[in-house]
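**Q** So that we are looking at the same thing, I have put the structure below in structure tokens.
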Amino acid sequence: MRPTSITADRTTARLAITWDDAPPSSISFKVLSDLCPCELCSTERSNPDPLKVIRPRSYELESIVPIGSYAVNIMWKGGCHYGLYSWERLQQLAAVEVKMKGG
Ligand SMILES: [Zn+2]
């Protein structure tokens, strides 16, 4: 499982991915940012602290940096810069979004 192309469309705010061995995925920036896989954001999601000010989520893509051959680092403008999205993670997020739409 490897992406053959990853295209960020800032107009529709979606990431389009084609895979070498699976149907293409499309994930909204919102889902990607809301479910940032970095340790900081994961901890924030699993242990919401009512006394702590939750950092605002950014849905504006700043950059996508390939990390080796297993992941991309997605940085959000004014938001989290630490999310490493592995290929498995991207497929999971695409599945999450399909589920949310009820499709
Ligand atoms: Zn994060």
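Every chain in the structure tokens has a letter given in the order shown (A, B, ...), and although residue numbers restart at 1 in each chain, ligands are simply numbered from 1 in the order shown.
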Please build the interface table for chain A against ligand 1 with a cut-off of 7 Å, listing for each qualifying residue the nearest atom pair and the distance in Å to one decimal; count only C-alpha atoms and all ligand atoms, order rows by chain and increasing number, and write it as CSV.

**A**
residue,atom,partner,partner_atom_place_in_ligand_line,distance
A:Cys36,CA,ligand 1,1 (Zn),4.6
A:Pro37,CA,ligand 1,1 (Zn),5.9
A:Cys38,CA,ligand 1,1 (Zn),4.3
A:Glu39,CA,ligand 1,1 (Zn),6.7
A:Leu40,CA,ligand 1,1 (Zn),5.7
A:Cys41,CA,ligand 1,1 (Zn),4.4
A:Cys80,CA,ligand 1,1 (Zn),4.7
A:His81,CA,ligand 1,1 (Zn),6.4
A:Tyr82,CA,ligand 1,1 (Zn),5.1
A:Gly83,CA,ligand 1,1 (Zn),4.8

**Q** DSSP on the backbone, then: every residue of chain A marked strand (DSSP E), written as a VMD selection string.

**A** chain A and resid 3 to 9 14 to 19 25 to 28 61 to 67 71 to 76 83 to 86

**Q** Using only C-alpha atoms, which protein or nucleic acid residues come within 10 Å of stretch 7-21 of chain A? Drop anything in the same chain fewer than 5 positions from it, and give the result as a list in words.

**A**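 Final neighbour list, sorted by chain and number: Met1, Arg2, Ser26, Ile27, Ser28, Phe29, Lys30, Val31, Leu32, Tyr59, Glu60, Leu61, Ser63, Ile64, Trp87, Leu90, Gln91 and Ala94 of chain A.
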
**Q** With N, CA, C and O atoms retained, export the selected residues as a compact mmCIF listing (two decimals), in the first residue's frame.

**A**
# COMPACT_ATOMS: atom_id res chain seq x y z
N MET A 1 0.84 -1.20 0.00
CA MET A 1 0.00 0.00 0.00
C MET A 1 0.88 1.25 0.00
O MET A 1 1.55 1.55 0.97
N ARG A 2 0.88 1.95 -1.13
CA ARG A 2 1.64 3.19 -1.24
C ARG A 2 0.87 4.16 -2.10
O ARG A 2 0.24 3.74 -3.07
N SER A 26 -10.31 10.28 -0.64
CA SER A 26 -10.45 11.72 -0.57
C SER A 26 -10.77 12.07 0.87
O SER A 26 -11.70 11.52 1.46
N ILE A 27 -9.97 12.96 1.45
CA ILE A 27 -10.15 13.30 2.87
C ILE A 27 -10.21 14.80 3.00
O ILE A 27 -9.37 15.52 2.44
N SER A 28 -11.20 15.30 3.76
CA SER A 28 -11.29 16.75 3.93
C SER A 28 -10.21 17.22 4.89
O SER A 28 -9.77 16.49 5.79
N PHE A 29 -9.77 18.46 4.71
CA PHE A 29 -8.77 19.05 5.60
C PHE A 29 -9.29 19.02 7.04
O PHE A 29 -8.53 18.86 7.98
N LYS A 30 -10.61 19.18 7.19
CA LYS A 30 -11.17 19.23 8.54
C LYS A 30 -10.92 17.92 9.28
O LYS A 30 -10.46 17.91 10.42
N VAL A 31 -11.21 16.80 8.62
CA VAL A 31 -10.99 15.50 9.24
C VAL A 31 -9.50 15.29 9.52
O VAL A 31 -9.10 14.85 10.60
N LEU A 32 -8.67 15.65 8.56
CA LEU A 32 -7.22 15.49 8.73
C LEU A 32 -6.71 16.26 9.94
O LEU A 32 -5.93 15.76 10.74
N TYR A 59 -7.69 24.64 9.71
CA TYR A 59 -8.05 23.81 8.56
C TYR A 59 -7.42 24.35 7.29
O TYR A 59 -7.82 24.03 6.19
N GLU A 60 -6.42 25.25 7.50
CA GLU A 60 -5.75 25.81 6.35
C GLU A 60 -4.40 25.12 6.20
O GLU A 60 -3.55 25.20 7.09
N LEU A 61 -4.24 24.46 5.08
CA LEU A 61 -3.02 23.69 4.85
C LEU A 61 -1.82 24.60 4.63
O LEU A 61 -1.89 25.55 3.85
N SER A 63 1.73 23.11 4.58
CA SER A 63 2.58 22.33 3.68
C SER A 63 2.47 20.84 3.98
O SER A 63 2.06 20.44 5.08
N ILE A 64 2.83 20.06 2.98
CA ILE A 64 2.90 18.60 3.12
C ILE A 64 4.32 18.18 2.80
O ILE A 64 4.84 18.52 1.74
N TRP A 87 0.61 5.95 5.76
CA TRP A 87 -0.35 5.54 4.72
C TRP A 87 -1.57 4.86 5.35
O TRP A 87 -2.70 5.07 4.94
N LEU A 90 -3.85 7.45 6.77
CA LEU A 90 -4.61 8.17 5.75
C LEU A 90 -5.80 7.34 5.27
O LEU A 90 -6.89 7.86 5.07
N GLN A 91 -5.58 6.03 5.14
CA GLN A 91 -6.70 5.18 4.71
C GLN A 91 -7.77 5.10 5.80
O GLN A 91 -8.95 5.10 5.52
N ALA A 94 -9.76 8.32 5.69
CA ALA A 94 -10.68 8.31 4.56
C ALA A 94 -11.90 7.48 4.91
O ALA A 94 -13.04 7.84 4.59

**Q** Go through A:Ala22, A:Asp34, A:Arg57, A:Pro3 one by one, measure the shortest atom-to-atom distance of each to A:Val96 using only C-alpha atoms, and give the residue with the smallest value.

**A**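 Under the stated criterion, the closest residue is A:Asp34.
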
**Q** I need the residues in stretch 11-51 of chain A that are alpha helix (DSSP H) according to DSSP; give them as an MDAnalysis selection string.

**A** chainID A and resid 29:34 39:46

**Q** Could you dump the residues just selected with N, CA and C atoms as a PDB file, in the first residue's frame?

**A**
ATOM      1  N   PHE A  29      -9.770  18.462   4.706  1.00  0.00           N
ATOM      2  CA  PHE A  29      -8.773  19.046   5.598  1.00  0.00           C
ATOM      3  C   PHE A  29      -9.289  19.024   7.040  1.00  0.00           C
ATOM      4  N   LYS A  30     -10.605  19.182   7.191  1.00  0.00           N
ATOM      5  CA  LYS A  30     -11.170  19.225   8.538  1.00  0.00           C
ATOM      6  C   LYS A  30     -10.920  17.918   9.280  1.00  0.00           C
ATOM      7  N   VAL A  31     -11.213  16.804   8.616  1.00  0.00           N
ATOM      8  CA  VAL A  31     -10.991  15.497   9.240  1.00  0.00           C
ATOM      9  C   VAL A  31      -9.500  15.290   9.519  1.00  0.00           C
ATOM     10  N   LEU A  32      -8.668  15.652   8.561  1.00  0.00           N
ATOM     11  CA  LEU A  32      -7.219  15.487   8.730  1.00  0.00           C
ATOM     12  C   LEU A  32      -6.713  16.265   9.943  1.00  0.00           C
ATOM     13  N   SER A  33      -7.181  17.506  10.067  1.00  0.00           N
ATOM     14  CA  SER A  33      -6.689  18.351  11.149  1.00  0.00           C
ATOM     15  C   SER A  33      -7.305  17.951  12.489  1.00  0.00           C
ATOM     16  N   ASP A  34      -8.632  17.691  12.488  1.00  0.00           N
ATOM     17  CA  ASP A  34      -9.304  17.305  13.731  1.00  0.00           C
ATOM     18  C   ASP A  34      -8.706  16.033  14.306  1.00  0.00           C
ATOM     19  N   GLU A  39       1.265  13.121  19.033  1.00  0.00           N
ATOM     20  CA  GLU A  39       1.045  12.762  20.421  1.00  0.00           C
ATOM     21  C   GLU A  39       0.275  13.851  21.167  1.00  0.00           C
ATOM     22  N   LEU A  40       0.641  15.091  20.873  1.00  0.00           N
ATOM     23  CA  LEU A  40       0.013  16.230  21.537  1.00  0.00           C
ATOM     24  C   LEU A  40      -1.498  16.257  21.302  1.00  0.00           C
ATOM     25  N   CYS A  41      -1.885  16.164  20.024  1.00  0.00           N
ATOM     26  CA  CYS A  41      -3.301  16.239  19.680  1.00  0.00           C
ATOM     27  C   CYS A  41      -4.043  14.987  20.154  1.00  0.00           C
ATOM     28  N   SER A  42      -3.390  13.816  20.068  1.00  0.00           N
ATOM     29  CA  SER A  42      -4.042  12.583  20.518  1.00  0.00           C
ATOM     30  C   SER A  42      -4.342  12.656  21.999  1.00  0.00           C
ATOM     31  N   THR A  43      -3.377  13.165  22.777  1.00  0.00           N
ATOM     32  CA  THR A  43      -3.575  13.286  24.213  1.00  0.00           C
ATOM     33  C   THR A  43      -4.714  14.246  24.505  1.00  0.00           C
ATOM     34  N   GLU A  44      -4.739  15.335  23.759  1.00  0.00           N
ATOM     35  CA  GLU A  44      -5.790  16.334  23.956  1.00  0.00           C
ATOM     36  C   GLU A  44      -7.167  15.736  23.690  1.00  0.00           C
ATOM     37  N   ARG A  45      -7.240  14.870  22.673  1.00  0.00           N
ATOM     38  CA  ARG A  45      -8.527  14.269  22.323  1.00  0.00           C
ATOM     39  C   ARG A  45      -8.968  13.234  23.344  1.00  0.00           C
ATOM     40  N   SER A  46      -8.000  12.451  23.856  1.00  0.00           N
ATOM     41  CA  SER A  46      -8.399  11.359  24.745  1.00  0.00           C
ATOM     42  C   SER A  46      -8.566  11.819  26.185  1.00  0.00           C
TER      43      SER A  46
END

**Q** Which residue out of A:Ser25, A:Asn47, A:Thr4, A:Ser86 has the minimum interatomic distance to A:Gly68 when only C-alpha atoms are used?

**A** A:Ser86

**Q** Which is closest to A:Ala71 among A:Pro56, A:Leu51, A:Ser5, A:Arg89, if we use only C-alpha atoms?

**A**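 With only C-alpha atoms as the atom set, the closest residue is A:Arg89.
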
**Q** Which of these, A:Pro23, A:Lys77, A:Tyr70, A:Ile6, has the shortest distance to A:Ala95 once you count only C-alpha atoms?

**A**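 Counting only C-alpha atoms, the residue closest to A:Ala95 is A:Pro23.
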
**Q** Grab the atom CA of A:Leu84 to atom CA of A:Glu97 distance for me, in Å with one decimal place.

**A**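 If I compute the distance from atom CA of A:Leu84 to atom CA of A:Glu97, I get 18.5 Å.
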
**Q** Atom CA of A:Val98 and atom CA of A:Asp49 are how many Å apart?

**A**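 Going from atom CA of A:Val98 over to atom CA of A:Asp49, I get 29.1 Å.
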